[in-house]
Structures are given as structure tokens and as C-alpha cells.
>>> print(open('start_3.pdb').read())   # PDB, C-alpha atoms
ATOM      1  CA  MET A   1     -25.080 -59.061 -36.940
ATOM      2  CA  GLU A   2     -21.781 -60.059 -38.491
ATOM      3  CA  LYS A   3     -21.492 -56.752 -40.355
ATOM      4  CA  LYS A   4     -22.341 -54.835 -37.208
ATOM      5  CA  GLN A   5     -19.574 -56.657 -35.337
ATOM      6  CA  MET A   6     -17.125 -55.930 -38.179
ATOM      7  CA  ILE A   7     -17.940 -52.213 -37.988
ATOM      8  CA  GLN A   8     -17.358 -52.176 -34.239
ATOM      9  CA  ASP A   9     -14.079 -54.055 -34.704
ATOM     10  CA  TYR A  10     -12.946 -51.428 -37.229
ATOM     11  CA  CYS A  11     -13.893 -48.699 -34.752
ATOM     12  CA  ARG A  12     -11.646 -50.271 -32.132
ATOM     13  CA  GLN A  13      -8.853 -50.771 -34.678
ATOM     14  CA  PHE A  14      -8.926 -47.074 -35.578
ATOM     15  CA  ASN A  15      -9.302 -45.992 -31.915
ATOM     16  CA  MET A  16     -12.740 -44.507 -32.529
ATOM     17  CA  GLY A  17     -14.073 -44.915 -29.000
ATOM     18  CA  GLY A  18     -17.073 -42.656 -29.549
ATOM     19  CA  LEU A  19     -18.398 -44.817 -32.373
ATOM     20  CA  THR A  20     -17.713 -47.993 -30.408
ATOM     21  CA  SER A  21     -19.837 -46.871 -27.458
ATOM     22  CA  ASP A  22     -22.596 -44.996 -29.336
ATOM     23  CA  PHE A  23     -22.908 -47.179 -32.439
ATOM     24  CA  ASP A  24     -25.922 -49.193 -31.250
ATOM     25  CA  ARG A  25     -27.837 -46.093 -30.144
ATOM     26  CA  ILE A  26     -27.226 -44.224 -33.397
ATOM     27  CA  LEU A  27     -28.093 -47.268 -35.493
ATOM     28  CA  ILE A  28     -31.404 -47.843 -33.656
ATOM     29  CA  GLU A  29     -32.363 -44.153 -33.912
ATOM     30  CA  ALA A  30     -31.480 -44.094 -37.620
ATOM     31  CA  GLU A  31     -33.580 -47.183 -38.331
ATOM     32  CA  LYS A  32     -36.569 -45.737 -36.442
ATOM     33  CA  SER A  33     -36.333 -42.299 -38.066
ATOM     34  CA  GLU A  34     -35.360 -43.619 -41.507
ATOM     35  CA  VAL A  35     -32.678 -40.939 -41.865
ATOM     36  CA  SER A  36     -30.592 -40.531 -44.985
ATOM     37  CA  TYR A  37     -27.162 -42.107 -45.319
ATOM     38  CA  LEU A  38     -25.663 -38.624 -45.092
ATOM     39  CA  ASP A  39     -27.420 -37.792 -41.814
ATOM     40  CA  TYR A  40     -26.530 -41.186 -40.385
ATOM     41  CA  THR A  41     -22.857 -40.689 -41.253
ATOM     42  CA  LEU A  42     -22.954 -37.201 -39.744
ATOM     43  CA  GLU A  43     -24.334 -38.546 -36.457
ATOM     44  CA  LEU A  44     -21.525 -41.099 -36.317
ATOM     45  CA  PHE A  45     -18.874 -38.419 -36.728
ATOM     46  CA  LYS A  46     -20.624 -36.180 -34.178
ATOM     47  CA  ALA A  47     -20.518 -39.005 -31.634
ATOM     48  CA  GLU A  48     -16.819 -39.556 -32.235
ATOM     49  CA  ALA A  49     -16.025 -35.821 -32.038
ATOM     50  CA  SER A  50     -17.981 -35.459 -28.788
ATOM     51  CA  HIS A  51     -16.227 -38.476 -27.304
ATOM     52  CA  ARG A  52     -12.779 -37.115 -28.165
ATOM     53  CA  GLU A  53     -13.698 -33.711 -26.766
ATOM     54  CA  ARG A  54     -14.701 -35.280 -23.448
ATOM     55  CA  ARG A  55     -11.545 -37.383 -23.280
ATOM     56  CA  ASN A  56      -9.379 -34.376 -24.093
ATOM     57  CA  LEU A  57     -11.062 -32.313 -21.369
ATOM     58  CA  GLU A  58     -10.619 -35.137 -18.851
ATOM     59  CA  ARG A  59      -6.913 -35.348 -19.710
ATOM     60  CA  ARG A  60      -6.403 -31.580 -19.440
ATOM     61  CA  LEU A  61      -8.259 -31.429 -16.130
ATOM     62  CA  LYS A  62      -6.072 -34.215 -14.765
ATOM     63  CA  VAL A  63      -2.792 -32.442 -15.551
ATOM     64  CA  ALA A  64      -4.255 -29.113 -14.378
ATOM     65  CA  GLY A  65      -3.919 -30.397 -10.814
ATOM     66  CA  LEU A  66      -7.059 -28.772  -9.445
ATOM     67  CA  PRO A  67      -8.082 -29.245  -5.812
ATOM     68  CA  PHE A  68     -11.294 -31.130  -5.005
ATOM     69  CA  SER A  69     -13.469 -27.986  -4.802
ATOM     70  CA  HIS A  70     -13.108 -25.897  -7.957
ATOM     71  CA  ASP A  71     -16.505 -25.242  -9.567
ATOM     72  CA  LEU A  72     -17.513 -21.594  -9.265
ATOM     73  CA  ASN A  73     -21.096 -22.500 -10.189
ATOM     74  CA  SER A  74     -21.383 -23.692  -6.587
ATOM     75  CA  TYR A  75     -19.944 -20.471  -5.135
ATOM     76  CA  ASP A  76     -21.790 -19.264  -2.037
ATOM     77  CA  TYR A  77     -22.604 -15.612  -2.683
ATOM     78  CA  GLY A  78     -24.092 -15.441   0.804
ATOM     79  CA  PHE A  79     -20.542 -15.574   2.157
ATOM     80  CA  ASP A  80     -19.332 -11.992   2.440
ATOM     81  CA  ASN A  81     -15.623 -11.754   1.684
ATOM     82  CA  GLY A  82     -15.732  -8.440  -0.132
ATOM     83  CA  LEU A  83     -15.911  -9.819  -3.693
ATOM     84  CA  GLN A  84     -18.972  -8.504  -5.495
ATOM     85  CA  LYS A  85     -21.005 -10.778  -7.761
ATOM     86  CA  SER A  86     -20.539  -8.397 -10.692
ATOM     87  CA  ARG A  87     -16.761  -8.620 -10.334
ATOM     88  CA  MET A  88     -16.951 -12.399 -10.148
ATOM     89  CA  SER A  89     -18.859 -12.403 -13.442
ATOM     90  CA  GLN A  90     -16.190 -10.238 -15.048
ATOM     91  CA  LEU A  91     -13.423 -12.484 -13.775
ATOM     92  CA  ARG A  92     -15.163 -15.546 -15.231
ATOM     93  CA  GLU A  93     -15.305 -13.946 -18.680
ATOM     94  CA  LEU A  94     -11.484 -14.400 -18.714
ATOM     95  CA  ASN A  95     -10.839 -11.261 -20.746
ATOM     96  CA  TRP A  96      -7.956 -10.530 -18.381
ATOM     97  CA  LEU A  97      -6.373 -13.850 -19.368
ATOM     98  CA  ASP A  98      -6.327 -12.896 -23.045
ATOM     99  CA  GLN A  99      -4.702  -9.607 -22.026
ATOM    100  CA  ILE A 100      -2.065 -11.548 -20.000
ATOM    101  CA  TYR A 101      -3.200  -9.826 -16.826
ATOM    102  CA  ASN A 102      -2.350 -11.222 -13.404
ATOM    103  CA  ILE A 103      -4.776 -11.662 -10.511
ATOM    104  CA  ILE A 104      -3.693 -11.668  -6.861
ATOM    105  CA  PHE A 105      -6.168 -12.859  -4.229
ATOM    106  CA  MET A 106      -4.939 -11.544  -0.903
ATOM    107  CA  GLY A 107      -6.496 -12.115   2.492
ATOM    108  CA  PRO A 108      -6.557 -14.212   5.659
ATOM    109  CA  SER A 109      -7.104 -17.971   5.695
ATOM    110  CA  GLY A 110     -10.611 -19.182   4.885
ATOM    111  CA  THR A 111     -11.745 -16.198   2.788
ATOM    112  CA  GLY A 112     -12.016 -18.188  -0.445
ATOM    113  CA  LYS A 113      -8.702 -17.410  -2.141
ATOM    114  CA  THR A 114      -7.875 -20.968  -3.186
ATOM    115  CA  PHE A 115     -11.434 -21.796  -4.254
ATOM    116  CA  LEU A 116     -11.661 -18.681  -6.429
ATOM    117  CA  ALA A 117      -8.263 -19.298  -8.006
ATOM    118  CA  ALA A 118      -9.042 -22.965  -8.679
ATOM    119  CA  GLY A 119     -12.465 -22.052 -10.069
ATOM    120  CA  LEU A 120     -11.018 -19.595 -12.566
ATOM    121  CA  CYS A 121      -8.414 -22.176 -13.561
ATOM    122  CA  PHE A 122     -11.218 -24.717 -14.084
ATOM    123  CA  ASP A 123     -13.112 -22.220 -16.259
ATOM    124  CA  ALA A 124      -9.960 -21.630 -18.307
ATOM    125  CA  VAL A 125      -9.352 -25.351 -18.875
ATOM    126  CA  GLN A 126     -12.963 -25.814 -19.967
ATOM    127  CA  MET A 127     -12.556 -22.983 -22.477
ATOM    128  CA  GLY A 128      -9.496 -24.630 -24.000
ATOM    129  CA  TYR A 129      -6.655 -22.713 -22.321
ATOM    130  CA  LYS A 130      -3.499 -24.410 -21.085
ATOM    131  CA  ALA A 131      -4.062 -23.736 -17.391
ATOM    132  CA  TYR A 132      -2.486 -25.337 -14.337
ATOM    133  CA  PHE A 133      -2.984 -25.138 -10.567
ATOM    134  CA  ARG A 134       0.098 -25.579  -8.391
ATOM    135  CA  THR A 135       1.004 -24.718  -4.831
ATOM    136  CA  MET A 136       4.139 -22.673  -4.210
ATOM    137  CA  GLU A 137       5.741 -25.797  -2.756
ATOM    138  CA  GLN A 138       4.977 -27.795  -5.928
ATOM    139  CA  ILE A 139       6.494 -25.085  -8.121
ATOM    140  CA  ILE A 140       9.646 -24.968  -5.999
ATOM    141  CA  THR A 141       9.943 -28.785  -6.089
ATOM    142  CA  THR A 142       9.479 -28.899  -9.870
ATOM    143  CA  LEU A 143      12.178 -26.270 -10.413
ATOM    144  CA  LYS A 144      14.509 -28.093  -8.035
ATOM    145  CA  MET A 145      13.973 -31.576  -9.500
ATOM    146  CA  LYS A 146      13.441 -30.906 -13.212
ATOM    147  CA  ASP A 147      17.016 -31.883 -14.108
ATOM    148  CA  PHE A 148      16.814 -35.079 -12.086
ATOM    149  CA  THR A 149      13.407 -36.683 -12.695
ATOM    150  CA  ARG A 150      11.302 -37.142 -15.816
ATOM    151  CA  SER A 151       8.070 -36.256 -14.045
ATOM    152  CA  ALA A 152       9.441 -32.928 -12.833
ATOM    153  CA  MET A 153      10.817 -32.100 -16.277
ATOM    154  CA  ALA A 154       7.485 -33.021 -17.890
ATOM    155  CA  ASP A 155       5.639 -30.728 -15.494
ATOM    156  CA  TYR A 156       8.176 -27.952 -16.050
ATOM    157  CA  LYS A 157       7.696 -28.183 -19.821
ATOM    158  CA  ARG A 158       3.930 -27.946 -19.342
ATOM    159  CA  LEU A 159       4.258 -24.896 -17.124
ATOM    160  CA  VAL A 160       6.550 -22.924 -19.437
ATOM    161  CA  LYS A 161       4.007 -23.375 -22.247
ATOM    162  CA  ALA A 162       1.044 -22.438 -20.056
ATOM    163  CA  GLN A 163      -1.358 -19.602 -20.731
ATOM    164  CA  LEU A 164      -2.391 -19.505 -17.078
ATOM    165  CA  ILE A 165      -0.647 -20.687 -13.912
ATOM    166  CA  VAL A 166      -2.224 -20.547 -10.470
ATOM    167  CA  ILE A 167       0.324 -20.364  -7.647
ATOM    168  CA  ASP A 168      -1.461 -21.105  -4.404
ATOM    169  CA  ASP A 169      -0.190 -19.952  -1.002
ATOM    170  CA  ILE A 170       2.759 -17.981  -2.316
ATOM    171  CA  MET A 171       5.220 -16.946   0.402
ATOM    172  CA  LEU A 172       3.462 -19.029   3.039
ATOM    173  CA  PHE A 173       6.853 -20.278   4.265
ATOM    174  CA  PRO A 174      10.373 -18.839   4.078
ATOM    175  CA  ILE A 175      12.303 -19.855   0.953
ATOM    176  CA  GLU A 176      15.986 -20.708   0.719
ATOM    177  CA  LYS A 177      18.127 -18.380  -1.385
ATOM    178  CA  ASP A 178      18.814 -20.774  -4.274
ATOM    179  CA  GLN A 179      15.133 -21.738  -4.449
ATOM    180  CA  ALA A 180      14.134 -18.083  -4.417
ATOM    181  CA  VAL A 181      16.483 -17.368  -7.317
ATOM    182  CA  ASN A 182      15.074 -20.313  -9.277
ATOM    183  CA  PHE A 183      11.554 -19.089  -8.615
ATOM    184  CA  PHE A 184      12.382 -15.554  -9.752
ATOM    185  CA  ASN A 185      13.995 -16.859 -12.948
ATOM    186  CA  PHE A 186      10.884 -18.938 -13.622
ATOM    187  CA  ILE A 187       8.572 -15.926 -13.223
ATOM    188  CA  ASN A 188      10.927 -13.763 -15.265
ATOM    189  CA  GLN A 189      10.995 -16.366 -18.051
ATOM    190  CA  LEU A 190       7.193 -16.273 -18.331
ATOM    191  CA  PHE A 191       6.849 -12.506 -17.808
ATOM    192  CA  GLU A 192       4.296 -11.052 -20.281
ATOM    193  CA  LYS A 193       3.826 -14.509 -21.850
ATOM    194  CA  THR A 194       1.741 -16.220 -19.170
ATOM    195  CA  ALA A 195      -1.001 -14.936 -16.878
ATOM    196  CA  PHE A 196      -0.760 -15.776 -13.183
ATOM    197  CA  ILE A 197      -3.288 -16.103 -10.395
ATOM    198  CA  ILE A 198      -1.599 -15.740  -7.026
ATOM    199  CA  THR A 199      -3.132 -16.499  -3.643
ATOM    200  CA  THR A 200      -1.429 -15.224  -0.519
ATOM    201  CA  ASN A 201      -2.097 -14.271   3.073
ATOM    202  CA  LYS A 202       1.021 -12.093   3.086
ATOM    203  CA  SER A 203       1.115  -8.472   1.959
ATOM    204  CA  PRO A 204       3.789  -7.646  -0.659
ATOM    205  CA  LYS A 205       5.874  -5.865   1.960
ATOM    206  CA  ASP A 206       6.173  -9.178   3.857
ATOM    207  CA  TRP A 207       7.541 -11.047   0.832
ATOM    208  CA  ALA A 208      11.053  -9.764   1.442
ATOM    209  CA  LYS A 209      11.030 -11.478   4.847
ATOM    210  CA  MET A 210      10.003 -14.798   3.296
ATOM    211  CA  LEU A 211      12.719 -14.515   0.642
ATOM    212  CA  ASN A 212      15.230 -12.967   3.022
ATOM    213  CA  ASP A 213      16.209 -10.714   0.121
ATOM    214  CA  GLU A 214      14.608  -7.306  -0.368
ATOM    215  CA  VAL A 215      16.136  -6.753  -3.817
ATOM    216  CA  LEU A 216      14.881 -10.117  -5.111
ATOM    217  CA  ALA A 217      11.437  -9.554  -3.594
ATOM    218  CA  THR A 218      11.207  -6.139  -5.245
ATOM    219  CA  ALA A 219      12.197  -7.565  -8.637
ATOM    220  CA  LEU A 220       9.663 -10.397  -8.264
ATOM    221  CA  LEU A 221       6.850  -8.044  -7.272
ATOM    222  CA  ASP A 222       7.760  -5.706 -10.116
ATOM    223  CA  ARG A 223       6.959  -8.463 -12.608
ATOM    224  CA  LEU A 224       3.892  -9.916 -10.878
ATOM    225  CA  LEU A 225       2.262  -6.556 -10.108
ATOM    226  CA  TYR A 226       2.771  -5.236 -13.640
ATOM    227  CA  HIS A 227      -0.607  -5.583 -15.376
ATOM    228  CA  CYS A 228      -2.174  -6.985 -12.229
ATOM    229  CA  GLU A 229      -5.437  -6.743 -10.294
ATOM    230  CA  VAL A 230      -5.009  -7.159  -6.550
ATOM    231  CA  ILE A 231      -8.247  -8.371  -4.943
ATOM    232  CA  ASN A 232      -8.338  -8.053  -1.176
ATOM    233  CA  LEU A 233     -10.610 -10.571   0.543
ATOM    234  CA  ASP A 234     -11.701 -10.258   4.144
ATOM    235  CA  GLY A 235     -14.234 -11.565   6.629
ATOM    236  CA  LYS A 236     -14.332 -14.594   8.867
ATOM    237  CA  SER A 237     -13.144 -18.003   7.701
ATOM    238  CA  TYR A 238     -15.745 -19.818   5.573
ATOM    239  CA  ARG A 239     -14.409 -23.161   6.808
ATOM    240  CA  MET A 240     -14.771 -22.203  10.469
ATOM    241  CA  LYS A 241     -18.211 -20.730   9.869
ATOM    242  CA  ASN A 242     -19.411 -23.890   8.105
ATOM    243  CA  ARG A 243     -17.390 -26.502   9.948
ATOM    244  CA  LYS A 244     -18.966 -29.896  10.560
ATOM    245  CA  THR A 245     -19.461 -31.689  13.859
ATOM    246  CA  ILE A 246     -19.383 -35.393  14.667
ATOM    247  CA  PHE A 247     -22.142 -34.952  17.253
ATOM    248  CA  ASN A 248     -25.868 -35.055  16.633
ATOM    249  CA  GLU A 249     -27.456 -31.994  18.189
ATOM    250  CA  LYS A 250     -30.755 -32.684  19.955
TER
END
>>> encode(input="start_3.pdb", output="C-alpha cells")
Amino acid sequence: MEKKQMIQDYCRQFNMGGLTSDFDRILIEAEKSEVSYLDYTLELFKAEASHRERRNLERRLKVAGLPFSHDLNSYDYGFDNGLQKSRMSQLRELNWLDQIYNIIFMGPSGTGKTFLAAGLCFDAVQMGYKAYFRTMEQIITTLKMKDFTRSAMADYKRLVKAQLIVIDDIMLFPIEKDQAVNFFNFINQLFEKTAFIITTNKSPKDWAKMLNDEVLATALLDRLLYHCEVINLDGKSYRMKNRKTIFNEK
């Protein structure tokens, strides 16, 4: 018992959380199965590797900033928004990400734009990509505050090293000129280095109104639409169709 405690103490000393939590289970299984020393040692390292993998995924999911609903395995294919199941399967293969291709989900509110974008971001994080989900407002705030707060600078540094950035609800509200310029410079900096998923309920021709600058809007669209798949979603709002009620119907 003393030796067992010493081993667990060493595990904690060397920050081997997987061995600390799984040591008893592996030891009992090894004693029952009478495995070799080599197999026993291998199982210990497997437990530690699995533990670190889980912790790393948890950390990456936390900084990804995903909304509550983001698992495409729960996608309701009975909801008709114009996106075919075969196309969904192709999107989830993420070949477009490796090709630094952009995806724009365009359509009215409630057609699944945010859920699809978040789901693809979740898939990317699980597959080891540096992927982040941010609203347009969060991006603008980060660019505005990065020289003033550590948290904004930390997020900015993450974003400029990203392989995938989701920008949700782009051009939902009008943007001030200096913020629009900052946003354009950000996109231009990552042009052909980072893939983007954009969700919007505005057509590209309406972007100039939101930016109040047709030249800037054209330059922005030129970069986002280059190597880009625009997916138009339609239909009635999923949220309105499946909204809950506080009343019990008799």
C-alpha cells in the first residue's frame, strides 16, 4: 500500500493526471489478467495520453467560444432549409478547410446558419484545427481593445494564428468607419492564410450600406468571396416552428 501511494504521489508530482485517476483500475486489471510488465507499462502510458488528449480538447473547445448548440450529429434533416444531406456530409469532411476555402451561409433568421457554422467549427476543433467562433461584434471589440487589454490581445493573437474563424451575423448592424477599416485590415491580413465561415442575413450588395462605404465593401467582398462557397438557406424559422410553450395543452 505504501508503494502504491508513492507511485500516485510521483504521478501528481510529474502532473500525470491520467495515471493518478486510472492507476487503481489498470493495476487491478493487470493483476487479474497477469499481463507482462511491458503491457502493464503500455496501459499506463495509454491512460496518460488519453487523459492529456481529453484535457487538450476541453481547453481548445473553451477558447473556441462555441454557442450552446453546436453538434451536427443532432442536426434535424427533417427541417427543410435547402441544404442537402449529401452537401452536409461534404462540408463535414473539411476538405475545403485544407484548401483555405471560405463558406458563407446566407439566409433569413432561423434557417440554421449559426448552428451549421458552429457545428463545422466544432468538427474542426475535434480534428485538431485551430478554429474559433466569434460574432461580428466580438471581432470588432477585440480589434478595438487589443492595444488596451490583455484579454483582447490574447484573443487577437489566437485569431491571427487560426486555421478557421467563424464570424457570425456579419453586417447585422451598421459599422463605424474606423471599425470598418480595422475589420478590413484584419480580413486582409488573414487573406489566403485562414479559412472563414460567415453567417449573414444580408446579401453582399447590402454590405455597403452597413459599412457606409462602397469601395471598402467591395474590397472586403473581393477577399471573402475569392475561393468561397455561398450557401443560400431558406424556409421558415426553425425556432418559430419548434418554439416551446409554458402552457399544458389539454
>>> resolve_selection(input="start_3.pdb", expression="the PyMOL selection byres ((chain A and resi 18-29) around 12)", output="MDAnalysis selection string")
chainID A and resid 1 4:17 30:37 39:55
>>> axis_aligned_box(input="start_3.pdb", around="segment 205-217 of chain A", padding_each_side="3 Å", output="JSON")
{"center_x": 11.0, "center_y": -10.3, "center_z": -0.1, "size_x": 16.3, "size_y": 14.9, "size_z": 16.0}
>>> closest_residue(input="start_3.pdb", among="A:Leu159, A:Leu120, A:Val181, A:Met171", to="Val215 of chain A", atoms="all atoms listed in the file")
A:Val181
>>> residues_around(input="start_3.pdb", residues="segment 77-86 of chain A", least_positions_apart="3", cutoff="7 Å", atoms="only C-alpha atoms", output="list in words")
Ser89, Gln90, Thr111, Leu233, Asp234 and Gly235 of chain A
>>> residues_near_point(input="start_3.pdb", point="(-8.1, -13.1, 3.1)", cutoff="10 Å", atoms="all atoms listed in the file", output="number ranges by chain")
A: 81-82, 105-113, 199-202, 231-237
>>> atom_distance(input="start_3.pdb", atom1="atom CA of Ile140 of chain A", atom2="atom CA of Leu190 of chain A")
15.3 Å
>>> resolve_selection(input="start_3.pdb", expression="the PyMOL selection byres ((chain A and resi 185) around 12)", output="list in words")
Ile140, Leu143, Val160, Asp178, Gln179, Ala180, Val181, Asn182, Phe183, Phe184, Phe186, Ile187, Asn188, Gln189, Leu190, Phe191, Leu216, Ala219, Leu220 and Arg223 of chain A
>>> atom_distance(input="start_3.pdb", atom1="atom CA of Ser74 of chain A", atom2="atom CA of Ile198 of chain A")
21.3 Å
>>> resolve_selection(input="start_3.pdb", expression="the PyMOL selection byres ((chain A and resi 57-67) around 9)", output="number ranges by chain")
A: 52-56, 68-70, 114-115, 118-119, 121-122, 125-126, 128, 130-134, 155, 158
>>> atom_distance(input="start_3.pdb", atom1="atom CA of Asp206 of chain A", atom2="atom CA of Phe173 of chain A")
11.1 Å
>>> closest_residue(input="start_3.pdb", among="A:Asp123, A:Asp71, A:Glu137, A:Glu2", to="Ile175 of chain A", atoms="only C-alpha atoms")
A:Glu137
>>> closest_residue(input="start_3.pdb", among="A:Ile104, A:Leu91, A:Ala217, A:Leu116", to="Asp76 of chain A", atoms="all atoms listed in the file")
A:Leu116
>>> closest_residue(input="start_3.pdb", among="A:Tyr129, A:Phe148, A:Tyr101, A:Tyr156", to="Val230 of chain A", atoms="only C-alpha atoms")
A:Tyr101
>>> closest_residue(input="start_3.pdb", among="A:Asp168, A:Asn102, A:Tyr75, A:Arg150", to="Gln138 of chain A", atoms="all atoms listed in the file")
A:Asp168
>>> residues_around(input="start_3.pdb", residues="Gln99 of chain A", least_positions_apart="2", cutoff="10 Å", atoms="only C-alpha atoms", output="PyMOL selection string")
chain A and resi 94-97+101-102+192-195+227
>>> closest_residue(input="start_3.pdb", among="A:Lys144, A:Lys3, A:Lys209, A:Arg92", to="Leu172 of chain A", atoms="only C-alpha atoms")
A:Lys209
>>> build_atoms(input="start_3.pdb", residues="segment 17-42 of chain A", atoms="N, CA and C atoms", output="compact mmCIF listing (two decimals), in the coordinates of the input")
# COMPACT_ATOMS: atom_id res chain seq x y z
N GLY A 17 -13.32 -44.51 -30.18
CA GLY A 17 -14.07 -44.92 -29.00
C GLY A 17 -15.50 -44.40 -28.97
N GLY A 18 -15.73 -43.21 -29.53
CA GLY A 18 -17.07 -42.66 -29.55
C GLY A 18 -18.02 -43.49 -30.38
N LEU A 19 -17.56 -43.98 -31.51
CA LEU A 19 -18.40 -44.82 -32.37
C LEU A 19 -18.62 -46.18 -31.73
N THR A 20 -17.59 -46.69 -31.06
CA THR A 20 -17.71 -47.99 -30.41
C THR A 20 -18.82 -47.97 -29.36
N SER A 21 -18.87 -46.92 -28.56
CA SER A 21 -19.84 -46.87 -27.46
C SER A 21 -21.23 -46.41 -27.90
N ASP A 22 -21.30 -45.57 -28.93
CA ASP A 22 -22.60 -45.00 -29.34
C ASP A 22 -23.18 -45.63 -30.60
N PHE A 23 -22.48 -46.62 -31.16
CA PHE A 23 -22.91 -47.18 -32.44
C PHE A 23 -24.32 -47.76 -32.38
N ASP A 24 -24.61 -48.56 -31.37
CA ASP A 24 -25.92 -49.19 -31.25
C ASP A 24 -27.04 -48.15 -31.16
N ARG A 25 -26.82 -47.13 -30.33
CA ARG A 25 -27.84 -46.09 -30.14
C ARG A 25 -28.12 -45.35 -31.45
N ILE A 26 -27.06 -44.98 -32.15
CA ILE A 26 -27.23 -44.22 -33.40
C ILE A 26 -27.89 -45.09 -34.47
N LEU A 27 -27.51 -46.36 -34.50
CA LEU A 27 -28.09 -47.27 -35.49
C LEU A 27 -29.58 -47.46 -35.25
N ILE A 28 -29.98 -47.66 -33.99
CA ILE A 28 -31.40 -47.84 -33.66
C ILE A 28 -32.21 -46.59 -33.99
N GLU A 29 -31.67 -45.41 -33.63
CA GLU A 29 -32.36 -44.15 -33.91
C GLU A 29 -32.49 -43.92 -35.41
N ALA A 30 -31.45 -44.28 -36.17
CA ALA A 30 -31.48 -44.09 -37.62
C ALA A 30 -32.51 -45.01 -38.27
N GLU A 31 -32.60 -46.24 -37.78
CA GLU A 31 -33.58 -47.18 -38.33
C GLU A 31 -35.01 -46.74 -38.03
N LYS A 32 -35.23 -46.20 -36.83
CA LYS A 32 -36.57 -45.74 -36.44
C LYS A 32 -36.98 -44.50 -37.24
N SER A 33 -36.03 -43.58 -37.41
CA SER A 33 -36.33 -42.30 -38.07
C SER A 33 -36.18 -42.35 -39.58
N GLU A 34 -35.59 -43.45 -40.07
CA GLU A 34 -35.36 -43.62 -41.51
C GLU A 34 -34.59 -42.42 -42.08
N VAL A 35 -33.48 -42.08 -41.42
CA VAL A 35 -32.68 -40.94 -41.86
C VAL A 35 -31.88 -41.32 -43.11
N SER A 36 -31.39 -40.30 -43.78
CA SER A 36 -30.59 -40.53 -44.98
C SER A 36 -29.21 -41.06 -44.60
N TYR A 37 -28.51 -41.63 -45.57
CA TYR A 37 -27.16 -42.11 -45.32
C TYR A 37 -26.27 -40.97 -44.85
N LEU A 38 -26.48 -39.78 -45.43
CA LEU A 38 -25.66 -38.62 -45.09
C LEU A 38 -25.86 -38.22 -43.64
N ASP A 39 -27.13 -38.16 -43.21
CA ASP A 39 -27.42 -37.79 -41.81
C ASP A 39 -26.90 -38.84 -40.84
N TYR A 40 -27.02 -40.09 -41.23
CA TYR A 40 -26.53 -41.19 -40.38
C TYR A 40 -25.01 -41.08 -40.21
N THR A 41 -24.32 -40.83 -41.30
CA THR A 41 -22.86 -40.69 -41.25
C THR A 41 -22.46 -39.49 -40.40
N LEU A 42 -23.23 -38.40 -40.53
CA LEU A 42 -22.95 -37.20 -39.74
C LEU A 42 -23.10 -37.47 -38.25
